[in-house]
file query34.txt (compact mmCIF, C-alpha atoms and all ligand atoms)
# COMPACT_ATOMS: atom_id res chain seq x y z
CA MET A 48 6.59 -17.84 7.97
CA LEU A 49 9.69 -16.15 6.53
CA ARG A 50 12.74 -18.37 5.98
CA THR A 51 16.00 -17.38 7.62
CA GLN A 52 18.61 -16.62 4.96
CA SER A 53 21.56 -17.47 7.20
CA THR A 54 24.06 -19.80 5.56
CA GLY A 55 25.44 -21.17 8.83
CA PRO A 56 27.62 -20.35 11.82
CA GLY A 57 30.80 -19.51 9.91
CA ARG A 58 33.62 -18.77 12.36
CA PHE A 59 31.15 -18.63 15.28
CA ALA A 60 31.32 -22.44 15.32
CA ASP A 61 34.62 -21.91 17.24
CA PHE A 62 33.48 -19.10 19.52
CA ASP A 63 33.37 -19.84 23.25
CA LEU A 64 30.01 -18.42 24.34
CA SER A 65 31.14 -18.01 27.95
CA ARG A 66 33.57 -15.21 26.94
CA VAL A 67 30.81 -12.58 26.86
CA PRO A 68 28.14 -11.37 29.30
CA SER A 69 24.64 -12.69 28.67
CA PRO A 70 22.72 -11.58 26.72
CA CYS A 71 25.18 -10.17 24.19
CA PHE A 72 25.35 -9.43 20.48
CA VAL A 73 28.74 -10.54 19.19
CA ILE A 74 29.78 -9.27 15.78
CA ASP A 75 32.65 -10.79 13.82
CA GLU A 76 34.47 -7.83 12.28
CA VAL A 77 36.23 -10.14 9.83
CA ARG A 78 32.92 -11.28 8.35
CA LEU A 79 31.62 -7.70 8.34
CA ARG A 80 34.72 -6.64 6.41
CA GLN A 81 34.14 -9.44 3.89
CA ASN A 82 30.57 -8.23 3.35
CA LEU A 83 31.79 -4.67 2.89
CA GLU A 84 34.48 -5.77 0.44
CA ILE A 85 31.87 -7.59 -1.65
CA LEU A 86 29.66 -4.51 -1.73
CA SER A 87 32.48 -2.14 -2.58
CA SER A 88 33.70 -4.41 -5.39
CA VAL A 89 30.19 -4.47 -6.88
CA ALA A 90 30.03 -0.68 -6.57
CA GLN A 91 33.37 -0.27 -8.27
CA ALA A 92 32.62 -2.68 -11.10
CA ALA A 93 29.23 -1.10 -11.82
CA ASP A 94 30.28 2.50 -11.10
CA ALA A 95 27.43 2.52 -8.59
CA LYS A 96 27.25 3.82 -5.01
CA VAL A 97 26.31 1.80 -1.94
CA LEU A 98 24.86 3.46 1.18
CA LEU A 99 24.36 1.71 4.52
CA ALA A 100 20.70 1.78 5.65
CA LEU A 101 21.08 2.82 9.29
CA LYS A 102 17.58 1.58 10.09
CA ALA A 103 18.93 -1.96 9.75
CA PHE A 104 22.36 -1.66 11.31
CA ALA A 105 23.83 1.34 13.09
CA MET A 106 26.65 -0.04 15.25
CA TRP A 107 28.71 3.13 15.09
CA SER A 108 31.76 1.72 16.81
CA LEU A 109 32.30 -0.08 13.48
CA ALA A 110 31.82 3.10 11.44
CA PRO A 111 35.56 3.48 10.62
CA LEU A 112 35.50 0.06 8.93
CA ILE A 113 32.21 0.80 7.15
CA ASN A 114 33.43 4.25 6.02
CA GLU A 115 36.43 2.65 4.30
CA HIS A 116 34.19 0.68 1.97
CA LEU A 117 30.88 2.45 1.33
CA SER A 118 29.89 5.79 -0.18
CA GLY A 119 27.82 6.83 2.84
CA THR A 120 24.61 6.15 4.71
CA CYS A 121 20.88 6.58 4.40
CA ALA A 122 18.72 7.80 7.26
CA SER A 123 15.02 7.58 8.06
CA GLY A 124 14.69 10.91 9.82
CA LEU A 125 16.36 13.43 12.08
CA TRP A 126 18.00 11.18 14.65
CA GLU A 127 19.52 8.79 12.16
CA ALA A 128 20.67 11.80 10.13
CA ARG A 129 22.39 13.22 13.22
CA LEU A 130 24.01 9.85 13.93
CA ALA A 131 25.15 9.62 10.31
CA ARG A 132 26.86 12.99 10.47
CA LYS A 133 28.30 12.46 13.94
CA ARG A 134 29.63 8.94 13.55
CA PHE A 135 29.73 7.97 9.86
CA ALA A 136 31.27 9.53 6.76
CA GLY A 137 30.30 10.08 3.12
CA GLU A 138 27.04 11.02 1.48
CA LEU A 139 23.84 11.13 3.48
CA SER A 140 20.46 10.46 1.89
CA THR A 141 17.40 10.94 4.11
CA TYR A 142 13.99 9.52 3.29
CA ALA A 143 10.87 9.48 5.43
CA PRO A 144 7.27 8.61 4.53
CA ALA A 145 6.50 12.13 5.78
CA PHE A 146 8.74 14.82 7.26
CA LYS A 147 7.83 16.83 10.33
CA PRO A 148 7.90 20.56 9.57
CA SER A 149 9.58 21.25 12.92
CA GLU A 150 12.49 18.93 12.02
CA PHE A 151 12.88 19.54 8.31
CA ALA A 152 15.33 22.47 8.40
CA GLU A 153 17.89 20.47 10.39
CA ILE A 154 17.37 17.35 8.26
CA ALA A 155 17.98 19.37 5.10
CA GLU A 156 21.06 20.97 6.63
CA LEU A 157 22.52 17.57 7.51
CA SER A 158 21.62 15.69 4.30
CA ASP A 159 23.08 15.64 0.80
CA HIS A 160 19.92 14.11 -0.64
CA ILE A 161 16.32 14.29 0.55
CA VAL A 162 13.93 11.65 -0.76
CA PHE A 163 10.27 12.67 -0.63
CA ASN A 164 7.53 10.09 -0.43
CA SER A 165 4.90 12.00 -2.40
CA VAL A 166 4.45 14.88 -4.77
CA ALA A 167 2.67 16.74 -1.97
CA GLN A 168 5.72 16.42 0.34
CA THR A 169 7.91 17.59 -2.55
CA GLU A 170 5.77 20.67 -3.11
CA ARG A 171 5.85 21.45 0.58
CA PHE A 172 9.57 21.01 1.32
CA ALA A 173 11.61 21.05 -1.93
CA GLY A 174 12.35 24.79 -1.71
CA GLU A 175 13.68 24.42 1.83
CA ALA A 176 15.80 21.42 0.83
CA LYS A 177 17.39 23.32 -2.07
CA ALA A 178 17.99 26.41 0.07
CA ALA A 179 19.88 24.23 2.57
CA GLY A 180 22.03 22.81 -0.23
CA ALA A 181 20.46 19.33 -0.44
CA ASP A 182 19.21 17.93 -3.72
CA PHE A 183 15.90 16.12 -3.74
CA ALA A 184 14.28 13.03 -5.16
CA LEU A 185 10.88 11.38 -5.29
CA ARG A 186 10.26 7.84 -4.07
CA ILE A 187 8.08 6.14 -6.62
CA ASN A 188 5.95 3.12 -5.85
CA PRO A 189 6.53 0.78 -8.80
CA GLU A 190 3.22 -1.01 -8.09
CA HIS A 191 5.06 -4.28 -8.58
CA SER A 192 5.15 -6.62 -5.58
CA GLU A 193 8.00 -9.05 -4.96
CA ALA A 194 8.03 -9.40 -1.15
CA GLU A 195 7.01 -12.80 0.19
CA ILE A 196 4.86 -11.47 3.03
CA PRO A 197 2.58 -8.40 3.13
CA LEU A 198 4.26 -6.97 6.25
CA TYR A 199 7.37 -6.33 4.16
CA ASP A 200 5.67 -5.37 0.88
CA PRO A 201 5.87 -1.62 0.13
CA CYS A 202 3.83 -2.26 -3.03
CA ALA A 203 0.89 -3.94 -1.30
CA VAL A 204 -2.53 -2.52 -2.15
CA GLY A 205 -3.15 0.55 0.01
CA SER A 206 0.57 1.09 0.70
CA ARG A 207 1.61 4.51 1.98
CA LEU A 208 5.16 4.10 0.66
CA GLY A 209 6.08 5.98 -2.51
CA GLN A 210 4.05 7.84 -5.11
CA PRO A 211 2.33 5.19 -7.27
CA ILE A 212 3.68 5.49 -10.81
CA SER A 213 0.17 5.19 -12.26
CA GLN A 214 -0.60 8.56 -10.61
CA LEU A 215 2.42 10.32 -12.07
CA GLU A 216 2.20 11.98 -15.47
CA GLU A 217 4.80 14.63 -14.75
CA LEU A 218 7.75 14.60 -12.40
CA PRO A 219 8.20 17.59 -10.08
CA ASP A 220 10.48 20.33 -11.42
CA GLY A 221 13.97 20.69 -10.03
CA MET A 222 14.39 17.15 -8.80
CA SER A 223 17.70 15.32 -9.04
CA GLY A 224 16.82 11.71 -8.32
CA LEU A 225 14.31 8.90 -8.28
CA HIS A 226 14.10 6.30 -5.53
CA LEU A 227 12.30 2.96 -5.30
CA HIS A 228 12.34 0.15 -2.78
CA ASN A 229 10.27 -3.03 -2.91
CA LEU A 230 12.54 -5.96 -1.93
CA CYS A 231 13.33 -7.80 1.29
CA GLU A 232 16.32 -10.17 1.60
CA GLN A 233 16.05 -11.09 -2.09
CA GLY A 234 18.18 -12.09 -5.04
CA LEU A 235 18.66 -10.57 -8.48
CA ALA A 236 15.58 -12.03 -10.23
CA PRO A 237 13.00 -10.00 -8.23
CA LEU A 238 15.06 -6.86 -8.83
CA SER A 239 15.23 -7.57 -12.58
CA ARG A 240 11.47 -8.10 -12.73
CA THR A 241 10.94 -4.83 -10.84
CA VAL A 242 13.22 -2.96 -13.21
CA ASP A 243 11.36 -4.46 -16.19
CA ALA A 244 8.07 -3.32 -14.69
CA VAL A 245 9.22 0.23 -14.07
CA LEU A 246 11.50 0.76 -17.08
CA PRO A 247 8.83 2.28 -19.37
CA PHE A 248 8.20 4.90 -16.67
CA LEU A 249 11.92 5.52 -16.15
CA GLU A 250 12.50 5.91 -19.89
CA ALA A 251 9.51 8.18 -20.37
CA HIS A 252 11.00 10.60 -17.83
CA LYS A 253 14.64 10.18 -18.82
CA GLY A 254 16.61 13.42 -18.46
CA LYS A 255 14.51 14.69 -15.55
CA TYR A 256 16.67 12.96 -12.94
CA ASP A 257 20.41 12.37 -12.58
CA TRP A 258 20.45 9.50 -10.12
CA LEU A 259 18.41 6.39 -9.44
CA ASN A 260 18.36 4.70 -6.03
CA LEU A 261 17.10 1.10 -6.07
CA GLY A 262 16.59 0.96 -2.29
CA GLY A 263 17.48 -1.99 -0.09
CA GLY A 264 16.51 -5.63 0.19
CA HIS A 265 19.34 -6.86 -2.09
CA LEU A 266 21.07 -9.76 -0.30
CA VAL A 267 24.25 -9.17 -2.30
CA THR A 268 26.55 -10.72 0.31
CA ARG A 269 24.87 -14.14 0.35
CA ASP A 270 27.03 -16.67 -1.52
CA ASP A 271 24.36 -17.47 -4.09
CA TYR A 272 23.59 -13.85 -5.06
CA ASP A 273 24.20 -13.24 -8.77
CA ARG A 274 26.62 -10.33 -8.35
CA GLY A 275 27.72 -10.36 -11.98
CA GLY A 276 24.06 -9.99 -12.95
CA LEU A 277 23.64 -7.07 -10.55
CA ILE A 278 26.69 -5.32 -11.98
CA ALA A 279 25.35 -5.80 -15.52
CA LEU A 280 21.91 -4.50 -14.51
CA LEU A 281 23.29 -1.42 -12.77
CA GLU A 282 25.60 -0.67 -15.69
CA SER A 283 22.82 -1.03 -18.22
CA LEU A 284 20.53 1.27 -16.22
CA SER A 285 23.20 3.88 -15.88
CA HIS A 286 23.98 3.84 -19.63
CA ARG A 287 20.38 3.63 -20.79
CA LEU A 288 19.07 6.34 -18.48
CA GLY A 289 22.21 8.44 -18.10
CA VAL A 290 22.11 8.22 -14.30
CA GLN A 291 24.30 7.53 -11.31
CA THR A 292 22.92 4.37 -9.68
CA TYR A 293 22.68 3.73 -5.94
CA ILE A 294 21.60 0.87 -3.71
CA GLU A 295 21.05 1.26 0.04
CA PRO A 296 21.12 -2.18 1.65
CA GLY A 297 21.13 -2.77 5.40
CA THR A 298 20.78 -6.52 5.83
CA ALA A 299 23.50 -7.31 3.27
CA ILE A 300 26.04 -5.33 5.29
CA GLY A 301 25.53 -7.20 8.56
CA PHE A 302 24.50 -10.50 6.97
CA ASP A 303 25.69 -13.57 8.89
CA SER A 304 28.18 -11.43 10.84
CA ALA A 305 26.68 -11.59 14.36
CA ILE A 306 25.20 -13.93 16.90
CA LEU A 307 23.01 -13.18 19.90
CA VAL A 308 24.30 -15.08 22.93
CA GLY A 309 21.96 -15.90 25.80
CA GLU A 310 21.51 -18.38 28.57
CA VAL A 311 18.90 -20.84 29.75
CA LEU A 312 17.41 -19.74 33.06
CA ASP A 313 15.03 -22.61 33.73
CA VAL A 314 13.33 -25.51 31.98
CA VAL A 315 9.71 -26.33 32.72
CA GLU A 316 7.57 -29.20 31.47
CA ASN A 317 4.33 -28.48 29.62
CA ASP A 318 3.58 -30.78 26.69
CA GLY A 319 7.37 -31.16 26.30
CA ALA A 320 10.34 -29.27 27.65
CA VAL A 321 10.09 -25.48 27.64
CA GLY A 322 13.28 -23.47 28.19
CA ILE A 323 13.06 -19.95 29.59
CA THR A 324 16.02 -17.82 28.51
CA ASP A 325 17.37 -14.31 29.01
CA ILE A 326 16.83 -13.72 25.27
CA SER A 327 13.37 -12.34 24.71
CA PRO A 328 12.29 -12.22 21.08
CA VAL A 329 9.86 -9.41 21.85
CA CYS A 330 12.71 -7.31 23.30
CA HIS A 331 15.79 -8.49 21.42
CA MET A 332 14.77 -10.14 18.13
CA PRO A 333 11.33 -8.61 17.37
CA ASP A 334 11.27 -9.83 13.78
CA VAL A 335 11.03 -13.39 15.14
CA ILE A 336 7.50 -12.45 16.22
CA GLU A 337 6.69 -9.81 13.61
CA ALA A 338 7.72 -11.63 10.44
CA PRO A 339 7.51 -14.29 11.95
CA TYR A 340 10.61 -16.43 11.46
CA ARG A 341 12.65 -19.04 13.32
CA PRO A 342 16.30 -18.05 13.76
CA ASP A 343 18.86 -20.85 13.45
CA MET A 344 20.53 -21.85 16.70
CA LEU A 345 24.31 -22.26 16.88
CA SER A 346 25.39 -25.93 17.06
CA GLU A 347 21.85 -27.33 17.09
CA ALA A 348 22.09 -31.12 17.45
CA GLY A 349 20.31 -33.99 19.19
CA GLU A 350 16.92 -35.61 19.43
CA ILE A 351 15.29 -33.76 22.31
CA ASP A 352 12.88 -30.98 21.38
CA VAL A 353 12.89 -27.93 23.60
CA ARG A 354 10.71 -24.88 23.03
CA LEU A 355 12.71 -21.78 23.86
CA GLY A 356 11.24 -18.45 24.90
CA GLY A 357 11.97 -15.27 26.81
CA ALA A 358 11.39 -14.37 30.44
CA SER A 359 8.70 -11.78 29.64
CA CYS A 360 4.97 -12.04 30.41
CA LEU A 361 4.01 -12.31 26.71
CA SER A 362 2.74 -15.84 26.02
CA GLY A 363 3.97 -15.55 22.45
CA ASP A 364 7.50 -14.55 23.49
CA ILE A 365 8.73 -17.76 21.87
CA ILE A 366 11.89 -18.14 19.80
CA GLY A 367 10.99 -21.59 18.45
CA SER A 368 11.48 -25.29 18.99
CA TYR A 369 15.09 -26.56 18.92
CA LYS A 370 16.90 -29.89 19.16
CA PHE A 371 19.24 -30.62 22.08
CA GLU A 372 21.37 -33.64 23.00
CA ALA A 373 20.07 -33.37 26.57
CA VAL A 374 17.52 -31.17 28.27
CA PRO A 375 19.49 -27.94 28.86
CA LYS A 376 20.50 -27.00 32.37
CA SER A 377 20.08 -23.55 33.84
CA GLY A 378 23.16 -21.50 33.04
CA GLN A 379 23.73 -23.28 29.71
CA ARG A 380 24.73 -20.85 26.98
CA ILE A 381 22.93 -20.73 23.62
CA ALA A 382 23.24 -18.45 20.59
CA PHE A 383 21.20 -17.57 17.52
CA LEU A 384 22.70 -16.90 14.10
CA ASP A 385 22.55 -13.89 11.80
CA GLN A 386 21.50 -11.35 14.41
CA ALA A 387 23.22 -8.14 13.27
CA HIS A 388 20.41 -6.56 11.28
CA TYR A 389 17.11 -5.23 12.65
CA THR A 390 18.02 -6.43 16.17
CA MET A 391 20.30 -3.96 18.02
CA VAL A 392 18.41 -1.08 16.42
CA LYS A 393 15.06 -2.43 17.65
CA THR A 394 15.74 -3.63 21.19
CA THR A 395 13.37 -2.64 24.00
CA THR A 396 13.31 -3.07 27.78
CA PHE A 397 9.73 -4.40 27.94
CA ASN A 398 9.24 -6.17 31.30
CA GLY A 399 12.49 -4.51 32.39
CA ALA A 400 14.45 -6.90 30.18
CA GLN A 401 18.22 -6.44 30.17
CA LEU A 402 19.49 -4.98 26.90
CA PRO A 403 22.15 -7.22 25.32
CA SER A 404 25.75 -6.04 25.58
CA LEU A 405 27.58 -5.36 22.32
CA ALA A 406 30.84 -7.12 21.57
CA ILE A 407 33.21 -7.08 18.60
CA TRP A 408 35.17 -10.24 17.92
CA ASN A 409 37.93 -10.67 15.38
CA SER A 410 37.66 -14.26 14.19
CA GLN A 411 41.20 -14.15 12.76
CA THR A 412 43.10 -12.83 15.80
CA ASP A 413 40.48 -13.98 18.36
CA ALA A 414 40.59 -10.50 19.95
CA LEU A 415 37.35 -9.65 21.75
CA ARG A 416 36.13 -6.21 22.84
CA ILE A 417 32.98 -5.60 24.84
CA VAL A 418 32.07 -2.17 23.46
CA LYS A 419 28.85 -1.58 25.38
CA ASN A 420 27.15 -2.80 28.54
CA PHE A 421 23.71 -1.52 29.47
CA ASP A 422 22.50 -1.14 33.03
CA TYR A 423 19.50 -0.16 35.11
CA ASP A 424 20.01 3.54 34.30
CA ASP A 425 19.32 2.87 30.60
CA PHE A 426 15.94 1.40 31.58
CA GLU A 427 15.03 4.16 34.02
CA GLY A 428 16.32 6.88 31.69
CA ARG A 429 13.73 6.07 29.02
CA LEU A 430 10.90 6.70 31.45
CA SER A 431 9.88 9.45 33.78
C1 LIG A 501 13.66 2.75 1.93
C2 LIG A 501 14.49 1.62 2.42
N1 LIG A 501 15.79 1.56 2.06
C3 LIG A 501 16.59 0.56 2.49
C4 LIG A 501 16.13 -0.43 3.33
C5 LIG A 501 17.07 -1.51 3.79
O1 LIG A 501 16.62 -2.75 3.40
P1 LIG A 501 17.45 -4.09 3.73
O2 LIG A 501 17.91 -3.99 5.14
O3 LIG A 501 16.46 -5.19 3.54
O4 LIG A 501 18.57 -4.15 2.77
C6 LIG A 501 14.77 -0.40 3.72
C7 LIG A 501 14.22 -1.45 4.59
O5 LIG A 501 13.10 -1.46 4.98
C8 LIG A 501 13.94 0.65 3.26
O6 LIG A 501 12.66 0.73 3.64

call {"tool": "encode", "arguments": {"input": "query34.txt", "output": "structure tokens", "more": "lines below"}}
Ligand SMILES: Cc1ncc(COP(=O)(O)O)c(C=O)c1O
result
Amino acid sequence: MLRTQSTGPGRFADFDLSRVPSPCFVIDEVRLRQNLEILSSVAQAADAKVLLALKAFAMWSLAPLINEHLSGTCASGLWEARLARKRFAGELSTYAPAFKPSEFAEIAELSDHIVFNSVAQTERFAGEAKAAGADFALRINPEHSEAEIPLYDPCAVGSRLGQPISQLEELPDGMSGLHLHNLCEQGLAPLSRTVDAVLPFLEAHKGKYDWLNLGGGHLVTRDDYDRGGLIALLESLSHRLGVQTYIEPGTAIGFDSAILVGEVLDVVENDGAVGITDISPVCHMPDVIEAPYRPDMLSEAGEIDVRLGGASCLSGDIIGSYKFEAVPKSGQRIAFLDQAHYTMVKTTTFNGAQLPSLAIWNSQTDALRIVKNFDYDDFEGRLS
């Protein structure tokens, strides 16, 4: 089981959960700004660029704040690229494990950088990318694993992600960048080990690329992240290899900035108390089941164990077991911590589940805006 990286409720300890509809993602724009300030100060100190990975967090109503601090975004394909251009600012780098020929012309038109996953994809599409004015890069697979679980390990045996460096004698002609990504919510040490593993390759091909993108998975905004070490590493890479460095985190941008508020609908008894809630992990926090992991609950206290789950038909739609002072009553509000990343972007309406509303809270002024409510039409509109 993956450990949650959350460092606690922060200002949400003072948030009155009854102020929002249920379920609802509530993001603290003050905390988001702090995260962005940390990332932009690292970028400035290291002369590096930071792009927001839209796959992790794409709440575009906060794009003006994000645009102030980051160099741009990275997209995983056509629709994220369109969103990037429509709602966000700055550079756009688009990577996909494989591009669809029918979509590539528009992707190249929208993007500043195209990252290909293989030499074969490069040979197929590089000409089109250049003609549209985008530069291109190759994602290499460093064949060096650091992820704690195979589900999140792009360097696992048999991976489809990136051209394995052991297969690469030459780099494709005309390329501008190299890209690698092998971390997941990690600190500096795994990145340093990865760089050590791949440095002979990078040095052997020095001069054939102008920029180096170290992907995402860097939890730079967690208090214990060694930011000085990251700055030193990025600076040394840029001097040694003569490149512009990039990172493209997602999690670090939204880290600890949002909660998911829900409510207990009923409590049944089956080998202990079981609470049924309007938060369904399968619909609203899929990583709880996929990783799996147990999200921290806001203000957890007491001696009574209650297993909490969603109102869907899936037996495994379980959030986890939590402590309460008293068995919760129906209507009681609950909230889970650190729910900005890989949640809103992944929600589904399985079982006709209500999609959580989206709210922006300013923990300094206490101003609250409900920026999105979903209704029945959103459910029906996805089907035909
Ligand atoms: C290529 C690439 N870049 C960036 C990211 C963002 O990673 P994170 O949200 O862990 O920072 C991912 C996540 O899977 C990724 O696959």

call {"tool": "residues_near_ligand", "arguments": {"input": "query34.txt", "ligand": "ligand LIG 501 (chain A)", "cutoff": "6 Å", "atoms": "all atoms listed in the file", "output": "compact mmCIF listing (two decimals) with C-alpha atoms, keeping the file's coordinate frame"}}
result
# COMPACT_ATOMS: atom_id res chain seq x y z
CA ALA A 100 20.70 1.78 5.65
CA ALA A 103 18.93 -1.96 9.75
CA HIS A 228 12.34 0.15 -2.78
CA CYS A 231 13.33 -7.80 1.29
CA GLU A 232 16.32 -10.17 1.60
CA GLY A 262 16.59 0.96 -2.29
CA GLY A 263 17.48 -1.99 -0.09
CA GLY A 264 16.51 -5.63 0.19
CA HIS A 265 19.34 -6.86 -2.09
CA GLU A 295 21.05 1.26 0.04
CA PRO A 296 21.12 -2.18 1.65
CA GLY A 297 21.13 -2.77 5.40
CA THR A 298 20.78 -6.52 5.83
CA ALA A 299 23.50 -7.31 3.27

call {"tool": "closest_residue", "arguments": {"input": "query34.txt", "among": "A:Gln91, A:Asn409, A:Thr141, A:Ser165", "to": "Leu215 of chain A", "atoms": "all atoms listed in the file"}}
result
A:Ser165

call {"tool": "closest_residue", "arguments": {"input": "query34.txt", "among": "A:Leu157, A:Met48, A:Ile300, A:Ala251", "to": "Arg287 of chain A", "atoms": "only C-alpha atoms"}}
result
A:Ala251

call {"tool": "atom_distance", "arguments": {"input": "query34.txt", "atom1": "atom CA of Leu198 of chain A", "atom2": "atom CA of Val97 of chain A"}}
result
25.1 Å

call {"tool": "residues_around", "arguments": {"input": "query34.txt", "residues": "Ile154 of chain A", "least_positions_apart": "3", "cutoff": "12 Å", "atoms": "only C-alpha atoms", "output": "PyMOL selection string"}}
result
chain A and resi 121-132+139-143+146-151+157-162+172+175-177+179-181

call {"tool": "residues_around", "arguments": {"input": "query34.txt", "residues": "Ser368 of chain A", "least_positions_apart": "5", "cutoff": "7 Å", "atoms": "all atoms listed in the file", "output": "VMD selection string"}}
result
chain A and resid 352 to 355

call {"tool": "residues_around", "arguments": {"input": "query34.txt", "residues": "Ser192 of chain A", "least_positions_apart": "3", "cutoff": "8 Å", "atoms": "all atoms listed in the file", "output": "list in words"}}
result
Asp200, Pro201, Cys202, Ala203 and Asn229 of chain A

call {"tool": "residues_around", "arguments": {"input": "query34.txt", "residues": "segment 244-247 of chain A", "least_positions_apart": "4", "cutoff": "8 Å", "atoms": "only C-alpha atoms", "output": "PyMOL selection string"}}
result
chain A and resi 189+191+240+251

call {"tool": "write_last_selection", "arguments": {"input": "query34.txt", "atoms": "C-alpha atoms", "output": "PDB file, keeping the file's coordinate frame"}}
result
ATOM      1  CA  PRO A 189       6.530   0.780  -8.800  1.00  0.00           C
ATOM      2  CA  HIS A 191       5.060  -4.280  -8.580  1.00  0.00           C
ATOM      3  CA  ARG A 240      11.470  -8.100 -12.730  1.00  0.00           C
ATOM      4  CA  ALA A 251       9.510   8.180 -20.370  1.00  0.00           C
TER       5      ALA A 251
END

call {"tool": "residues_around", "arguments": {"input": "query34.txt", "residues": "His286 of chain A", "least_positions_apart": "2", "cutoff": "12 Å", "atoms": "all atoms listed in the file", "output": "ChimeraX atom specification"}}
result
/A:93-95,250,253,257-259,279-284,288-292

call {"tool": "closest_residue", "arguments": {"input": "query34.txt", "among": "A:Trp107, A:Tyr389, A:Gln214, A:Leu185", "to": "Ala338 of chain A", "atoms": "all atoms listed in the file"}}
result
A:Tyr389

call {"tool": "closest_residue", "arguments": {"input": "query34.txt", "among": "A:Thr241, A:Tyr340, A:Asp182, A:Glu153", "to": "Ala194 of chain A", "atoms": "all atoms listed in the file"}}
result
A:Thr241

call {"tool": "atom_distance", "arguments": {"input": "query34.txt", "atom1": "atom CA of Glu372 of chain A", "atom2": "atom CA of Cys360 of chain A"}}
result
28.1 Å

call {"tool": "residues_near_point", "arguments": {"input": "query34.txt", "point": "(26.5, -6.6, 31.1)", "cutoff": "12 Å", "atoms": "only C-alpha atoms", "output": "NGL selection string"}}
result
:A and (66-72 or 308-309 or 401-406 or 417-423 or 425)

call {"tool": "atom_distance", "arguments": {"input": "query34.txt", "atom1": "atom CA of Gly57 of chain A", "atom2": "atom CA of Met332 of chain A"}}
result
20.3 Å

call {"tool": "closest_residue", "arguments": {"input": "query34.txt", "among": "A:Glu347, A:Asp303, A:Tyr256, A:Ala173", "to": "Ala382 of chain A", "atoms": "only C-alpha atoms"}}
result
A:Glu347

call {"tool": "closest_residue", "arguments": {"input": "query34.txt", "among": "A:Leu101, A:Ala155, A:Ile323, A:Leu117", "to": "Ile85 of chain A", "atoms": "all atoms listed in the file"}}
result
A:Leu117
